[in-house]
$ cat data_7.pdb   # PDB, C-alpha atoms, pLDDT in the B column
ATOM      1  CA  MET J 232     -16.039   5.859  -5.062  1.00 82.00           C
ATOM      2  CA  ILE J 233     -19.750   5.271  -4.707  1.00 85.00           C
ATOM      3  CA  ILE J 234     -21.551   3.011  -7.175  1.00 84.00           C
ATOM      4  CA  ASP J 235     -25.327   3.000  -7.613  1.00 83.00           C
ATOM      5  CA  LEU J 236     -26.527  -0.634  -7.519  1.00 81.00           C
ATOM      6  CA  LEU J 237     -30.142   0.174  -8.407  1.00 81.00           C
ATOM      7  CA  PRO J 238     -29.810  -0.865 -12.109  1.00 82.00           C
ATOM      8  CA  LEU J 239     -28.717  -4.341 -10.947  1.00 78.00           C
ATOM      9  CA  ILE J 240     -31.314  -4.610  -8.208  1.00 76.00           C
ATOM     10  CA  ASN J 241     -34.151  -3.694 -10.612  1.00 80.00           C
ATOM     11  CA  ASN J 242     -32.777  -6.110 -13.246  1.00 79.00           C
ATOM     12  CA  ARG J 243     -32.353  -3.299 -15.760  1.00 78.00           C
ATOM     13  CA  ASN J 244     -28.703  -4.230 -16.344  1.00 80.00           C
ATOM     14  CA  SER J 245     -26.859  -7.531 -16.031  1.00 83.00           C
ATOM     15  CA  SER J 246     -23.703  -5.704 -14.946  1.00 87.00           C
ATOM     16  CA  ILE J 247     -22.369  -2.241 -14.195  1.00 90.00           C
ATOM     17  CA  ASP J 248     -19.146  -1.348 -15.975  1.00 92.00           C
ATOM     18  CA  ILE J 249     -16.530   0.681 -14.127  1.00 92.00           C
ATOM     19  CA  ASN J 250     -13.839   2.708 -15.883  1.00 95.00           C
ATOM     20  CA  GLU J 251     -12.731   5.590 -13.672  1.00 94.00           C
ATOM     21  CA  PHE J 252      -9.784   7.264 -11.996  1.00 95.00           C
ATOM     22  CA  VAL J 253      -9.901   7.600  -8.212  1.00 93.00           C
ATOM     23  CA  SER J 254      -7.835   9.728  -5.832  1.00 92.00           C
ATOM     24  CA  ILE J 255      -7.176   8.171  -2.453  1.00 90.00           C
ATOM     25  CA  PRO J 256      -7.318  10.824   0.309  1.00 90.00           C
ATOM     26  CA  ASN J 257      -4.012  11.583   2.081  1.00 89.00           C
ATOM     27  CA  GLU J 258      -5.519  10.593   5.441  1.00 90.00           C
ATOM     28  CA  TYR J 259      -5.631   6.977   4.282  1.00 88.00           C
ATOM     29  CA  TYR J 260      -1.893   6.602   3.791  1.00 84.00           C
ATOM     30  CA  LYS J 261      -0.420   9.014   6.319  1.00 85.00           C
ATOM     31  CA  ASP J 262       0.355   6.109   8.732  1.00 86.00           C
ATOM     32  CA  THR J 263       1.920   3.900   6.051  1.00 89.00           C
ATOM     33  CA  ASP J 264       5.218   3.943   4.157  1.00 91.00           C
ATOM     34  CA  ILE J 265       3.450   5.480   1.173  1.00 92.00           C
ATOM     35  CA  ARG J 266       4.693   9.017   0.601  1.00 92.00           C
ATOM     36  CA  GLU J 267       2.498   9.708  -2.414  1.00 93.00           C
ATOM     37  CA  LEU J 268      -0.157   7.855  -4.381  1.00 92.00           C
ATOM     38  CA  SER J 269      -1.059   8.669  -7.974  1.00 92.00           C
ATOM     39  CA  LYS J 270      -4.617   8.633  -9.267  1.00 93.00           C
ATOM     40  CA  ILE J 271      -5.751   5.031  -9.326  1.00 94.00           C
ATOM     41  CA  SER J 272      -7.230   3.523 -12.486  1.00 96.00           C
ATOM     42  CA  VAL J 273     -10.226   1.286 -11.734  1.00 95.00           C
ATOM     43  CA  LYS J 274     -11.609  -0.899 -14.537  1.00 96.00           C
ATOM     44  CA  GLY J 275     -14.025  -3.793 -14.360  1.00 94.00           C
ATOM     45  CA  ASN J 276     -17.631  -4.552 -13.515  1.00 93.00           C
ATOM     46  CA  ILE J 277     -20.141  -5.471 -10.836  1.00 91.00           C
ATOM     47  CA  LYS J 278     -22.653  -8.278 -11.371  1.00 90.00           C
ATOM     48  CA  GLU J 279     -25.515  -9.451  -9.205  1.00 84.00           C
ATOM     49  CA  LEU J 280     -25.010 -13.026  -7.990  1.00 83.00           C
ATOM     50  CA  SER J 281     -28.172 -13.344  -5.931  1.00 79.00           C
ATOM     51  CA  ASP J 282     -30.457 -11.125  -3.875  1.00 74.00           C
ATOM     52  CA  ASP J 283     -28.260  -8.666  -1.971  1.00 73.00           C
ATOM     53  CA  VAL J 284     -24.956 -10.295  -3.071  1.00 81.00           C
ATOM     54  CA  PHE J 285     -22.826  -8.796  -5.831  1.00 84.00           C
ATOM     55  CA  ASN J 286     -19.556  -9.787  -7.477  1.00 88.00           C
ATOM     56  CA  LEU J 287     -16.965  -7.025  -7.816  1.00 90.00           C
ATOM     57  CA  ASN J 288     -14.443  -7.912 -10.519  1.00 94.00           C
ATOM     58  CA  ILE J 289     -12.020  -5.044 -11.121  1.00 94.00           C
ATOM     59  CA  THR J 290      -8.408  -4.272 -11.982  1.00 96.00           C
ATOM     60  CA  VAL J 291      -6.741  -1.484 -10.051  1.00 96.00           C
ATOM     61  CA  SER J 292      -3.501   0.094 -11.266  1.00 96.00           C
ATOM     62  CA  GLY J 293      -1.393   3.063 -10.304  1.00 95.00           C
ATOM     63  CA  ALA J 294       1.914   4.034  -8.744  1.00 95.00           C
ATOM     64  CA  MET J 295       2.965   4.724  -5.186  1.00 94.00           C
ATOM     65  CA  VAL J 296       6.058   6.533  -3.960  1.00 94.00           C
ATOM     66  CA  LEU J 297       7.915   4.646  -1.219  1.00 94.00           C
ATOM     67  CA  PRO J 298      11.177   5.299   0.659  1.00 93.00           C
ATOM     68  CA  CYS J 299      14.300   3.457  -0.516  1.00 90.00           C
ATOM     69  CA  ALA J 300      15.482   1.013   2.169  1.00 87.00           C
ATOM     70  CA  LEU J 301      19.108   2.118   1.716  1.00 83.00           C
ATOM     71  CA  SER J 302      19.043   5.834   0.970  1.00 82.00           C
ATOM     72  CA  LEU J 303      15.520   6.886   2.022  1.00 85.00           C
ATOM     73  CA  GLU J 304      15.097   8.552  -1.388  1.00 88.00           C
ATOM     74  CA  ASP J 305      11.744   8.375  -3.183  1.00 91.00           C
ATOM     75  CA  VAL J 306      11.124   5.259  -5.283  1.00 93.00           C
ATOM     76  CA  ASP J 307       8.254   4.990  -7.768  1.00 94.00           C
ATOM     77  CA  TYR J 308       6.563   1.619  -7.326  1.00 94.00           C
ATOM     78  CA  PRO J 309       3.945   0.779  -9.976  1.00 95.00           C
ATOM     79  CA  PHE J 310       1.277  -1.779  -9.097  1.00 95.00           C
ATOM     80  CA  GLU J 311      -1.627  -3.610 -10.689  1.00 96.00           C
ATOM     81  CA  ILE J 312      -4.154  -5.540  -8.618  1.00 95.00           C
ATOM     82  CA  SER J 313      -6.964  -7.852  -9.675  1.00 96.00           C
ATOM     83  CA  ILE J 314      -9.884  -7.848  -7.247  1.00 94.00           C
ATOM     84  CA  ASP J 315     -12.595 -10.497  -7.430  1.00 93.00           C
ATOM     85  CA  GLU J 316     -14.730 -10.096  -4.335  1.00 88.00           C
ATOM     86  CA  GLU J 317     -18.287 -10.720  -3.215  1.00 85.00           C
ATOM     87  CA  VAL J 318     -20.062  -7.845  -1.495  1.00 81.00           C
ATOM     88  CA  GLY J 319     -23.627  -7.448  -0.303  1.00 74.00           C
ATOM     89  CA  PHE J 320     -26.106  -6.036   2.164  1.00 66.00           C
ATOM     90  CA  GLY J 321     -25.839  -8.727   4.873  1.00 62.00           C
ATOM     91  CA  ASP J 322     -24.432  -8.157   8.372  1.00 57.00           C
ATOM     92  CA  ASP J 323     -21.007  -9.564   7.449  1.00 59.00           C
ATOM     93  CA  PHE J 324     -20.592  -7.152   4.567  1.00 55.00           C
ATOM     94  CA  GLU J 325     -21.852  -4.063   6.390  1.00 52.00           C
ATOM     95  CA  LYS J 326     -19.157  -4.444   9.060  1.00 53.00           C
ATOM     96  CA  ASN J 327     -16.421  -4.055   6.455  1.00 55.00           C
ATOM     97  CA  TYR J 328     -17.886  -1.910   3.702  1.00 61.00           C
ATOM     98  CA  LYS J 329     -20.021   1.218   3.433  1.00 55.00           C
ATOM     99  CA  ILE J 330     -23.315   0.106   1.967  1.00 60.00           C
ATOM    100  CA  ILE J 331     -25.896   2.852   2.158  1.00 66.00           C
ATOM    101  CA  SER J 332     -29.333   2.277   0.689  1.00 72.00           C
ATOM    102  CA  ASN J 333     -28.737   0.975  -2.845  1.00 78.00           C
ATOM    103  CA  THR J 334     -25.162   2.196  -3.228  1.00 83.00           C
ATOM    104  CA  LEU J 335     -21.781   0.659  -2.559  1.00 83.00           C
ATOM    105  CA  ASP J 336     -18.656   2.604  -1.607  1.00 86.00           C
ATOM    106  CA  ILE J 337     -15.763   0.581  -3.033  1.00 87.00           C
ATOM    107  CA  LEU J 338     -13.028   2.929  -1.749  1.00 89.00           C
ATOM    108  CA  PRO J 339     -12.441   0.781   1.390  1.00 88.00           C
ATOM    109  CA  ILE J 340     -12.119  -2.310  -0.829  1.00 89.00           C
ATOM    110  CA  LEU J 341      -9.628  -0.515  -3.081  1.00 91.00           C
ATOM    111  CA  TRP J 342      -7.598   0.719  -0.118  1.00 91.00           C
ATOM    112  CA  GLU J 343      -7.568  -2.682   1.572  1.00 90.00           C
ATOM    113  CA  ASN J 344      -6.050  -4.254  -1.544  1.00 92.00           C
ATOM    114  CA  ILE J 345      -3.562  -1.418  -2.136  1.00 93.00           C
ATOM    115  CA  VAL J 346      -2.227  -1.810   1.407  1.00 92.00           C
ATOM    116  CA  LEU J 347      -1.615  -5.496   0.715  1.00 92.00           C
ATOM    117  CA  GLU J 348       0.532  -4.476  -2.287  1.00 92.00           C
ATOM    118  CA  ILE J 349       2.962  -2.343  -0.258  1.00 92.00           C
ATOM    119  CA  PRO J 350       6.286  -4.213  -0.317  1.00 92.00           C
ATOM    120  CA  SER J 351       8.241  -4.601   2.919  1.00 91.00           C
ATOM    121  CA  ARG J 352      11.177  -2.777   1.321  1.00 90.00           C
ATOM    122  CA  VAL J 353      12.200  -1.280  -2.001  1.00 89.00           C
ATOM    123  CA  VAL J 354      15.648  -0.282  -3.229  1.00 88.00           C
ATOM    124  CA  LYS J 355      16.186   2.457  -5.770  1.00 86.00           C
ATOM    125  CA  ASP J 356      18.271   1.607  -8.836  1.00 85.00           C
ATOM    126  CA  ASN J 357      21.899   2.657  -8.257  1.00 80.00           C
ATOM    127  CA  ALA J 358      21.180   3.471  -4.618  1.00 74.00           C
ATOM    128  CA  LYS J 359      24.258   4.272  -2.589  1.00 75.00           C
ATOM    129  CA  ILE J 360      24.477   3.355   1.050  1.00 75.00           C
ATOM    130  CA  LYS J 361      25.100   6.390   3.203  1.00 72.00           C
ATOM    131  CA  THR J 362      28.405   6.034   5.009  1.00 76.00           C
ATOM    132  CA  GLU J 363      28.169   9.137   7.158  1.00 78.00           C
ATOM    133  CA  GLY J 364      25.627  11.515   8.501  1.00 79.00           C
ATOM    134  CA  ASP J 365      25.023  14.046  11.232  1.00 84.00           C
ATOM    135  CA  GLY J 366      27.302  12.849  14.060  1.00 83.00           C
ATOM    136  CA  TRP J 367      27.887   9.325  12.763  1.00 83.00           C
ATOM    137  CA  CYS J 368      29.996   7.431  10.226  1.00 81.00           C
ATOM    138  CA  LEU J 369      30.316   3.865   9.066  1.00 77.00           C
ATOM    139  CA  THR J 370      33.697   2.254   9.832  1.00 78.00           C
ATOM    140  CA  SER J 371      35.258  -0.895   8.497  1.00 76.00           C
ATOM    141  CA  GLU J 372      36.762  -3.640  10.653  1.00 75.00           C
ATOM    142  CA  GLU J 373      40.301  -2.515   9.761  1.00 74.00           C
ATOM    143  CA  GLU J 374      39.510   0.979  10.979  1.00 72.00           C
ATOM    144  CA  LEU J 375      38.176  -0.487  14.211  1.00 67.00           C
ATOM    145  CA  LYS J 376      41.369  -2.491  14.714  1.00 66.00           C
ATOM    146  CA  SER J 377      43.548   0.564  14.149  1.00 66.00           C
ATOM    147  CA  ASN J 378      41.383   2.602  16.490  1.00 64.00           C
ATOM    148  CA  LYS J 379      43.257   4.296  19.349  1.00 64.00           C
ATOM    149  CA  LEU J 380      40.903   2.732  21.853  1.00 69.00           C
ATOM    150  CA  SER J 381      42.046  -0.732  20.786  1.00 66.00           C
ATOM    151  CA  ASP J 382      45.331  -0.039  22.627  1.00 70.00           C
ATOM    152  CA  LEU J 383      43.343   0.676  25.782  1.00 74.00           C
ATOM    153  CA  LYS J 384      41.393  -2.529  25.277  1.00 75.00           C
ATOM    154  CA  GLU J 385      44.672  -4.489  25.072  1.00 76.00           C
ATOM    155  CA  LEU J 386      45.885  -2.912  28.343  1.00 79.00           C
ATOM    156  CA  LEU J 387      42.653  -3.872  30.085  1.00 82.00           C
ATOM    157  CA  GLU J 388      42.943  -7.434  28.800  1.00 82.00           C
ATOM    158  CA  MET J 389      46.549  -7.640  30.061  1.00 81.00           C
ATOM    159  CA  GLU J 390      45.504  -6.574  33.573  1.00 80.00           C
ATOM    160  CA  GLU J 391      42.966  -9.396  33.780  1.00 72.00           C
TER
END
$ encode --input "data_7.pdb" --output "structure tokens"
Amino acid sequence: MIIDLLPLINNRNSSIDINEFVSIPNEYYKDTDIRELSKISVKGNIKELSDDVFNLNITVSGAMVLPCALSLEDVDYPFEISIDEEVGFGDDFEKNYKIISNTLDILPILWENIVLEIPSRVVKDNAKIKTEGDGWCLTSEEELKSNKLSDLKELLEMEE
């Protein structure tokens, strides 16, 4: 999402209002837990603080689809983020953000803050723990005690 900063630089406007929907490319979240990301709503403004330094004050909202920690089913996870960040044309800013000529690409800033919102785990409402699968099953302690191999274990303990 590229924003033209020229109206602020030329003092034509005191701020630039932002009210748009942005799609994050799939390449961004292919190495994360995010399975899907809805269009992101971006609302706020950019103001000039001083020469070559701008204040980005926006609210980002949307929904991401994450895997359930118990069942691995899809879970919709809505989020809303407030971003209040200073950006500019200095060396420190250019390392982190795409600033070309008099424009600012805020997509990296959006993505950086969305990644921070990913929870370590989510659980779907009424999720059931899987007790068996392809070649495995979950057993209780009673089942382990009544296991036929427990007799063999007792024999081995008696020999020692």
$ closest_residue --input "data_7.pdb" --among "J:Leu287, J:Ile345, J:Ile340, J:Leu383" --to "J:Ser269" --atoms "only C-alpha atoms"
J:Ile345
$ residues_around --input "data_7.pdb" --residues "J:Ser245" --least-positions-apart "2" --cutoff "8 Å" --atoms "only C-alpha atoms" --output "list in words"
Leu239, Asn242, Arg243, Ile247, Lys278 and Glu279 of chain J
$ residues_around --input "data_7.pdb" --residues "J:Ser246" --least-positions-apart "3" --cutoff "12 Å" --atoms "all atoms listed in the file" --output "VMD selection string"
chain J and resid 234 to 243 249 275 to 280 285 to 288
$ write_last_selection --input "data_7.pdb" --atoms "C-alpha atoms" --output "PDB file, keeping the file's coordinate frame"
ATOM      1  CA  ILE J 234     -21.551   3.011  -7.175  1.00 84.00           C
ATOM      2  CA  ASP J 235     -25.327   3.000  -7.613  1.00 83.00           C
ATOM      3  CA  LEU J 236     -26.527  -0.634  -7.519  1.00 81.00           C
ATOM      4  CA  LEU J 237     -30.142   0.174  -8.407  1.00 81.00           C
ATOM      5  CA  PRO J 238     -29.810  -0.865 -12.109  1.00 82.00           C
ATOM      6  CA  LEU J 239     -28.717  -4.341 -10.947  1.00 78.00           C
ATOM      7  CA  ILE J 240     -31.314  -4.610  -8.208  1.00 76.00           C
ATOM      8  CA  ASN J 241     -34.151  -3.694 -10.612  1.00 80.00           C
ATOM      9  CA  ASN J 242     -32.777  -6.110 -13.246  1.00 79.00           C
ATOM     10  CA  ARG J 243     -32.353  -3.299 -15.760  1.00 78.00           C
ATOM     11  CA  ILE J 249     -16.530   0.681 -14.127  1.00 92.00           C
ATOM     12  CA  GLY J 275     -14.025  -3.793 -14.360  1.00 94.00           C
ATOM     13  CA  ASN J 276     -17.631  -4.552 -13.515  1.00 93.00           C
ATOM     14  CA  ILE J 277     -20.141  -5.471 -10.836  1.00 91.00           C
ATOM     15  CA  LYS J 278     -22.653  -8.278 -11.371  1.00 90.00           C
ATOM     16  CA  GLU J 279     -25.515  -9.451  -9.205  1.00 84.00           C
ATOM     17  CA  LEU J 280     -25.010 -13.026  -7.990  1.00 83.00           C
ATOM     18  CA  PHE J 285     -22.826  -8.796  -5.831  1.00 84.00           C
ATOM     19  CA  ASN J 286     -19.556  -9.787  -7.477  1.00 88.00           C
ATOM     20  CA  LEU J 287     -16.965  -7.025  -7.816  1.00 90.00           C
ATOM     21  CA  ASN J 288     -14.443  -7.912 -10.519  1.00 94.00           C
TER      22      ASN J 288
END
$ atom_distance --input "data_7.pdb" --atom1 "atom CA of J:Val353" --atom2 "atom CA of J:Asp262"
17.6 Å
$ residues_around --input "data_7.pdb" --residues "J:Ile255" --least-positions-apart "2" --cutoff "10 Å" --atoms "all atoms listed in the file" --output "list of chain:residue names"
J:Met232, J:Phe252, J:Val253, J:Asn257, J:Glu258, J:Tyr259, J:Tyr260, J:Glu267, J:Leu268, J:Ser269, J:Lys270, J:Ile271, J:Leu338, J:Pro339, J:Leu341, J:Trp342
$ atom_distance --input "data_7.pdb" --atom1 "atom CA of J:Leu335" --atom2 "atom CA of J:Val318"
8.7 Å
$ atom_distance --input "data_7.pdb" --atom1 "atom CA of J:Ser351" --atom2 "atom CA of J:Glu316"
24.7 Å
$ axis_aligned_box --input "data_7.pdb" --around "stretch 344-356 of chain J" --padding-each-side "5 Å" --output "lines of an AutoDock Vina configuration file"
center_x = 6.1
center_y = -1.5
center_z = -3.0
size_x = 34.3
size_y = 18.0
size_z = 21.8
$ residues_near_point --input "data_7.pdb" --point "(-2.7, 0.7, -11.1)" --cutoff "9 Å" --atoms "all atoms listed in the file" --output "CSV table (one decimal) with C-alpha atoms, keeping the file's coordinate frame"
chain,number,residue,atom,x,y,z
J,269,SER,CA,-1.1,8.7,-8.0
J,270,LYS,CA,-4.6,8.6,-9.3
J,271,ILE,CA,-5.8,5.0,-9.3
J,272,SER,CA,-7.2,3.5,-12.5
J,273,VAL,CA,-10.2,1.3,-11.7
J,290,THR,CA,-8.4,-4.3,-12.0
J,291,VAL,CA,-6.7,-1.5,-10.1
J,292,SER,CA,-3.5,0.1,-11.3
J,293,GLY,CA,-1.4,3.1,-10.3
J,294,ALA,CA,1.9,4.0,-8.7
J,309,PRO,CA,3.9,0.8,-10.0
J,310,PHE,CA,1.3,-1.8,-9.1
J,311,GLU,CA,-1.6,-3.6,-10.7
J,312,ILE,CA,-4.2,-5.5,-8.6
$ residues_around --input "data_7.pdb" --residues "stretch 357-370 of chain J" --least-positions-apart "4" --cutoff "9 Å" --atoms "all atoms listed in the file" --output "ChimeraX atom specification"
/J:299,301-302,304,374-375
$ closest_residue --input "data_7.pdb" --among "J:Thr334, J:Asn250, J:Asn344, J:Pro350" --to "J:Pro298" --atoms "all atoms listed in the file"
J:Pro350
$ residues_around --input "data_7.pdb" --residues "J:Arg266" --least-positions-apart "4" --cutoff "9 Å" --atoms "only C-alpha atoms" --output "VMD selection string"
chain J and resid 260 to 261 295 to 298 305
$ decode --input "data_7.pdb" --residues "stretch 332-359 of chain J" --atoms "N, CA and C atoms" --output "compact mmCIF listing (two decimals), in the first residue's frame"
# COMPACT_ATOMS: atom_id res chain seq x y z
N SER J 332 11.44 7.85 -3.34
CA SER J 332 11.13 9.22 -3.72
C SER J 332 10.26 9.86 -2.65
N ASN J 333 9.06 10.26 -2.99
CA ASN J 333 8.17 10.92 -2.02
C ASN J 333 6.99 10.03 -1.66
N THR J 334 7.20 8.73 -1.68
CA THR J 334 6.13 7.79 -1.34
C THR J 334 6.58 6.86 -0.22
N LEU J 335 5.61 6.32 0.47
CA LEU J 335 5.88 5.41 1.58
C LEU J 335 5.03 4.16 1.38
N ASP J 336 5.68 3.00 1.38
CA ASP J 336 4.97 1.73 1.31
C ASP J 336 4.74 1.25 2.74
N ILE J 337 3.48 1.28 3.19
CA ILE J 337 3.20 0.90 4.58
C ILE J 337 2.88 -0.59 4.73
N LEU J 338 2.90 -1.35 3.65
CA LEU J 338 2.62 -2.78 3.74
C LEU J 338 3.57 -3.51 4.71
N PRO J 339 4.89 -3.23 4.68
CA PRO J 339 5.78 -3.88 5.65
C PRO J 339 5.43 -3.51 7.10
N ILE J 340 4.99 -2.30 7.33
CA ILE J 340 4.60 -1.88 8.68
C ILE J 340 3.34 -2.63 9.11
N LEU J 341 2.37 -2.75 8.20
CA LEU J 341 1.15 -3.49 8.49
C LEU J 341 1.49 -4.94 8.82
N TRP J 342 2.30 -5.56 7.98
CA TRP J 342 2.63 -6.97 8.16
C TRP J 342 3.39 -7.21 9.47
N GLU J 343 4.32 -6.34 9.77
CA GLU J 343 5.09 -6.45 11.01
C GLU J 343 4.16 -6.47 12.23
N ASN J 344 3.15 -5.64 12.23
CA ASN J 344 2.23 -5.57 13.36
C ASN J 344 1.23 -6.73 13.35
N ILE J 345 0.84 -7.22 12.19
CA ILE J 345 -0.05 -8.38 12.13
C ILE J 345 0.64 -9.61 12.67
N VAL J 346 1.91 -9.79 12.33
CA VAL J 346 2.67 -10.94 12.83
C VAL J 346 2.73 -10.93 14.36
N LEU J 347 2.86 -9.75 14.94
CA LEU J 347 2.89 -9.65 16.40
C LEU J 347 1.56 -10.04 17.03
N GLU J 348 0.48 -10.00 16.27
CA GLU J 348 -0.85 -10.34 16.78
C GLU J 348 -1.16 -11.83 16.71
N ILE J 349 -0.34 -12.62 16.04
CA ILE J 349 -0.61 -14.05 15.92
C ILE J 349 -0.44 -14.68 17.31
N PRO J 350 -1.50 -15.29 17.84
CA PRO J 350 -1.38 -15.92 19.16
C PRO J 350 -0.55 -17.20 19.07
N SER J 351 0.02 -17.61 20.19
CA SER J 351 0.84 -18.83 20.18
C SER J 351 -0.02 -20.06 19.96
N ARG J 352 -1.29 -20.02 20.40
CA ARG J 352 -2.20 -21.12 20.13
C ARG J 352 -3.63 -20.64 20.27
N VAL J 353 -4.51 -21.23 19.48
CA VAL J 353 -5.94 -20.96 19.58
C VAL J 353 -6.66 -22.29 19.66
N VAL J 354 -7.81 -22.29 20.33
CA VAL J 354 -8.62 -23.50 20.46
C VAL J 354 -10.02 -23.17 19.98
N LYS J 355 -10.52 -23.98 19.09
CA LYS J 355 -11.85 -23.81 18.53
C LYS J 355 -12.89 -24.14 19.60
N ASP J 356 -13.99 -23.38 19.60
CA ASP J 356 -15.09 -23.68 20.52
C ASP J 356 -15.56 -25.11 20.28
N ASN J 357 -15.79 -25.84 21.36
CA ASN J 357 -16.26 -27.23 21.30
C ASN J 357 -15.29 -28.14 20.56
N ALA J 358 -14.01 -27.84 20.62
CA ALA J 358 -13.02 -28.69 19.96
C ALA J 358 -12.89 -30.00 20.72
N LYS J 359 -12.80 -31.08 19.98
CA LYS J 359 -12.63 -32.40 20.58
C LYS J 359 -11.21 -32.86 20.31
